[in-house]
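The block underneath contains the structure these notes are about, expressed in structure tokens.
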Amino acid sequence: MPAAAAAALQAQPRRAAYENWRPPVIGVSLLLPVGADCLAVADLRGALMLPVGGVFDEQTPEEAAHHVLAGPPGELRLLRRVAVDWVQARRRKVITHVLAAAPMTHSAVEALAYRDPRATVRVMPTLQFVDQMWPPARTRVLVGLQALATGETTCLEGGVVRPSLPPEVIT
């Protein structure tokens with residue numbers, strides 16, 4: 001390498017590696033199948049998304065999932081965790097647990113209320129919903145649907161599917 005190029009590389013400031021000096025942000029996202037080809041989604045003034053909520057101290061993702069939607073007791077029957085998506089943000093890790101519920105009926109979805117009163121819960125065809133999503137969220141939904149169909153739990157690390165769940169994100 002020429003001396004000028006080596007000097008130019010050394011002159012560039014080095015970037016510090018990311019550090020987790022703040023606790024991780026942990027959330028839960030619900031995959032709610034309706035019939036064979038629809039999903040229950042939250043519509044927040046035109047922004048479509050899976051119903052989401054936070055996981056707080058001393059709470060499991062399954063417990064947090066029951067606080068995302070309110071409705072008649074026993075209406076939301078969670079099956080299992082289908083995916084864990086985590087990304088390293090600048091100073092903290094963001095972990096999202098995707099939990100799938102048992103298939104619901106249209107009338108059962110109409111009885112549910114989202115935690116944010118500005119949003120409504122509605123039923124949409126799965127393909128139409130996936131087409132309208134933001135690309136990182138689209139990957140999470142598609143991987144979650146595939147994991148639900150195969151009976152596996154999938155790990156996404158920064159949008160890339162990994163073969164197994166790292167122990168630090170299984171909380």
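Residue numbering restarts at 1 for every chain of the structure tokens, chains are lettered A, B, ... in their displayed order, and ligands are numbered from 1 as they appear.
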Per residue of range 70-171 of chain A within 10 Å of range 36-54 of chain A, which atom pair is closest and at what distance in Å (one decimal), using only C-alpha atoms, listed by chain and increasing number, as JSON lines?
```
{"residue": "A:Thr96", "atom": "CA", "partner": "A:Gly54", "partner_atom": "CA", "distance": 9.0}
{"residue": "A:His97", "atom": "CA", "partner": "A:Val52", "partner_atom": "CA", "distance": 9.6}
{"residue": "A:Val98", "atom": "CA", "partner": "A:Val52", "partner_atom": "CA", "distance": 9.1}
{"residue": "A:Pro103", "atom": "CA", "partner": "A:Ala36", "partner_atom": "CA", "distance": 8.2}
{"residue": "A:Met104", "atom": "CA", "partner": "A:Ala40", "partner_atom": "CA", "distance": 8.7}
{"residue": "A:Thr105", "atom": "CA", "partner": "A:Ala40", "partner_atom": "CA", "distance": 9.7}
{"residue": "A:His106", "atom": "CA", "partner": "A:Ala40", "partner_atom": "CA", "distance": 8.7}
{"residue": "A:Val109", "atom": "CA", "partner": "A:Ala40", "partner_atom": "CA", "distance": 6.9}
{"residue": "A:Glu110", "atom": "CA", "partner": "A:Ala40", "partner_atom": "CA", "distance": 9.5}
{"residue": "A:Leu112", "atom": "CA", "partner": "A:Ala40", "partner_atom": "CA", "distance": 9.8}
{"residue": "A:Ala113", "atom": "CA", "partner": "A:Ala42", "partner_atom": "CA", "distance": 9.4}
{"residue": "A:Tyr114", "atom": "CA", "partner": "A:Ala42", "partner_atom": "CA", "distance": 7.1}
{"residue": "A:Arg115", "atom": "CA", "partner": "A:Gly53", "partner_atom": "CA", "distance": 8.0}
{"residue": "A:Asp116", "atom": "CA", "partner": "A:Leu44", "partner_atom": "CA", "distance": 8.4}
{"residue": "A:Pro117", "atom": "CA", "partner": "A:Leu44", "partner_atom": "CA", "distance": 9.1}
{"residue": "A:Arg118", "atom": "CA", "partner": "A:Leu44", "partner_atom": "CA", "distance": 6.3}
{"residue": "A:Ala119", "atom": "CA", "partner": "A:Leu44", "partner_atom": "CA", "distance": 4.2}
{"residue": "A:Thr120", "atom": "CA", "partner": "A:Asp43", "partner_atom": "CA", "distance": 5.3}
{"residue": "A:Val121", "atom": "CA", "partner": "A:Ala42", "partner_atom": "CA", "distance": 4.6}
{"residue": "A:Arg122", "atom": "CA", "partner": "A:Ala40", "partner_atom": "CA", "distance": 5.5}
{"residue": "A:Val123", "atom": "CA", "partner": "A:Ala40", "partner_atom": "CA", "distance": 4.5}
{"residue": "A:Met124", "atom": "CA", "partner": "A:Cys38", "partner_atom": "CA", "distance": 5.4}
{"residue": "A:Pro125", "atom": "CA", "partner": "A:Cys38", "partner_atom": "CA", "distance": 4.2}
{"residue": "A:Thr126", "atom": "CA", "partner": "A:Cys38", "partner_atom": "CA", "distance": 4.7}
{"residue": "A:Leu127", "atom": "CA", "partner": "A:Asp37", "partner_atom": "CA", "distance": 8.1}
{"residue": "A:Gln128", "atom": "CA", "partner": "A:Cys38", "partner_atom": "CA", "distance": 9.1}
{"residue": "A:Phe129", "atom": "CA", "partner": "A:Leu48", "partner_atom": "CA", "distance": 7.6}
{"residue": "A:Val130", "atom": "CA", "partner": "A:Met49", "partner_atom": "CA", "distance": 9.6}
{"residue": "A:Gln132", "atom": "CA", "partner": "A:Leu48", "partner_atom": "CA", "distance": 7.7}
{"residue": "A:Met133", "atom": "CA", "partner": "A:Leu48", "partner_atom": "CA", "distance": 7.2}
{"residue": "A:Trp134", "atom": "CA", "partner": "A:Met49", "partner_atom": "CA", "distance": 9.1}
{"residue": "A:Ala137", "atom": "CA", "partner": "A:Met49", "partner_atom": "CA", "distance": 8.3}
{"residue": "A:Arg138", "atom": "CA", "partner": "A:Met49", "partner_atom": "CA", "distance": 9.7}
{"residue": "A:Val141", "atom": "CA", "partner": "A:Leu50", "partner_atom": "CA", "distance": 8.4}
```
DSSP helix (DSSP H, G or I) selection over chain A, as a ChimeraX atom specification: /A:3-11,61-65,106-110,126-131,135-150,167-169
Residue list (strand (DSSP E or B), DSSP) for range 56-136 of chain A, as a ChimeraX atom specification: /A:69-70,78-88,93-101,104,113-114,120-125
Output N, CA and C atoms of each residue in that selection to a file, as a tab-separated table (two decimals), in the first residue's frame.
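Listed below is the output, again34.tsv:
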```tsv
chain	number	residue	atom	x	y	z
A	69	LEU	N	-54.43	-5.99	23.61
A	69	LEU	CA	-55.83	-5.95	23.16
A	69	LEU	C	-56.75	-6.25	24.33
A	70	ALA	N	-57.81	-5.49	24.44
A	70	ALA	CA	-58.82	-5.72	25.46
A	70	ALA	C	-60.07	-6.26	24.79
A	78	LEU	N	-53.38	-17.19	23.15
A	78	LEU	CA	-52.04	-17.22	22.56
A	78	LEU	C	-51.57	-18.65	22.38
A	79	LEU	N	-51.01	-18.93	21.23
A	79	LEU	CA	-50.47	-20.27	20.97
A	79	LEU	C	-49.02	-20.37	21.41
A	80	ARG	N	-48.18	-19.50	20.83
A	80	ARG	CA	-46.76	-19.60	21.13
A	80	ARG	C	-46.01	-18.44	20.51
A	81	ARG	N	-44.73	-18.36	20.87
A	81	ARG	CA	-43.83	-17.38	20.27
A	81	ARG	C	-43.35	-17.93	18.94
A	82	VAL	N	-43.53	-17.17	17.86
A	82	VAL	CA	-43.13	-17.65	16.54
A	82	VAL	C	-41.84	-17.01	16.05
A	83	ALA	N	-41.50	-15.83	16.57
A	83	ALA	CA	-40.27	-15.17	16.13
A	83	ALA	C	-39.77	-14.21	17.19
A	84	VAL	N	-38.47	-13.99	17.18
A	84	VAL	CA	-37.83	-12.97	18.01
A	84	VAL	C	-36.98	-12.14	17.06
A	85	ASP	N	-37.25	-10.85	17.02
A	85	ASP	CA	-36.52	-9.94	16.14
A	85	ASP	C	-35.75	-8.98	17.02
A	86	TRP	N	-34.44	-8.88	16.80
A	86	TRP	CA	-33.68	-7.91	17.58
A	86	TRP	C	-32.69	-7.18	16.71
A	87	VAL	N	-32.52	-5.92	17.05
A	87	VAL	CA	-31.57	-5.06	16.36
A	87	VAL	C	-30.76	-4.31	17.40
A	88	GLN	N	-29.53	-4.02	17.05
A	88	GLN	CA	-28.68	-3.22	17.92
A	88	GLN	C	-28.81	-1.77	17.49
A	93	LYS	N	-30.22	-2.29	22.77
A	93	LYS	CA	-30.77	-3.35	21.95
A	93	LYS	C	-32.29	-3.23	21.97
A	94	VAL	N	-32.92	-3.48	20.81
A	94	VAL	CA	-34.38	-3.46	20.70
A	94	VAL	C	-34.82	-4.87	20.33
A	95	ILE	N	-35.60	-5.48	21.21
A	95	ILE	CA	-36.04	-6.87	21.03
A	95	ILE	C	-37.55	-6.89	20.89
A	96	THR	N	-38.04	-7.57	19.83
A	96	THR	CA	-39.48	-7.71	19.62
A	96	THR	C	-39.83	-9.19	19.56
A	97	HIS	N	-40.71	-9.62	20.44
A	97	HIS	CA	-41.21	-10.99	20.45
A	97	HIS	C	-42.50	-11.02	19.64
A	98	VAL	N	-42.59	-11.91	18.66
A	98	VAL	CA	-43.80	-12.06	17.86
A	98	VAL	C	-44.53	-13.28	18.38
A	99	LEU	N	-45.73	-13.07	18.90
A	99	LEU	CA	-46.54	-14.16	19.43
A	99	LEU	C	-47.76	-14.38	18.55
A	100	ALA	N	-48.07	-15.64	18.30
A	100	ALA	CA	-49.22	-15.99	17.46
A	100	ALA	C	-50.38	-16.43	18.35
A	101	ALA	N	-51.56	-16.06	17.93
A	101	ALA	CA	-52.77	-16.46	18.62
A	101	ALA	C	-53.48	-17.53	17.81
A	104	MET	N	-58.97	-16.72	14.84
A	104	MET	CA	-60.15	-16.06	15.39
A	104	MET	C	-61.20	-15.90	14.30
A	113	ALA	N	-60.47	-4.38	21.47
A	113	ALA	CA	-60.08	-2.97	21.45
A	113	ALA	C	-58.58	-2.87	21.64
A	114	TYR	N	-57.93	-2.04	20.82
A	114	TYR	CA	-56.49	-1.86	20.89
A	114	TYR	C	-56.13	-0.95	22.07
A	120	THR	N	-58.06	1.42	15.56
A	120	THR	CA	-59.12	0.42	15.51
A	120	THR	C	-58.51	-0.91	15.08
A	121	VAL	N	-59.11	-1.98	15.52
A	121	VAL	CA	-58.68	-3.31	15.11
A	121	VAL	C	-59.59	-3.73	13.97
A	122	ARG	N	-58.98	-4.11	12.85
A	122	ARG	CA	-59.78	-4.53	11.70
A	122	ARG	C	-59.16	-5.75	11.05
A	123	VAL	N	-59.94	-6.40	10.23
A	123	VAL	CA	-59.50	-7.61	9.54
A	123	VAL	C	-59.13	-7.24	8.11
A	124	MET	N	-57.95	-7.72	7.68
A	124	MET	CA	-57.48	-7.46	6.31
A	124	MET	C	-56.98	-8.75	5.70
A	125	PRO	N	-57.12	-8.90	4.39
A	125	PRO	CA	-56.48	-10.04	3.74
A	125	PRO	C	-54.96	-9.97	3.95
```
Å distance separating CA of Gly158 in chain A from CA of Gly27 in chain A, one decimal place: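 Answer for the CA of Gly158 in chain A to CA of Gly27 in chain A separation: 15.2 Å.
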Among the residues A:Val161, A:Gly151, A:Glu62, A:Pro72, the one that comes closest to Leu30 in chain A [using only C-alpha atoms]: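 Among A:Val161, A:Gly151, A:Glu62, A:Pro72, it is A:Glu62 that comes nearest to Leu30 in chain A.
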Residue nearest Arg90 in chain A - candidates A:Ala64, A:Pro33, A:Arg22, A:Leu148, atoms counted: only C-alpha atoms: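 Selected residue with least distance to Arg90 in chain A: A:Arg22.
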Nearest residue to Ala147 in chain A from the set A:His67, A:Leu31, A:Ser107, A:Gly74 (distances using only C-alpha atoms):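 When distances to Ala147 in chain A are compared using only C-alpha atoms, the smallest one comes from A:Leu31.
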Gap from CA of Arg77 in chain A to CA of Ala102 in chain A - Å, one decimal: 5.7 Å
Distance in Å - CA of Thr154 in chain A versus CA of Pro24 in chain A: 19.7 Å
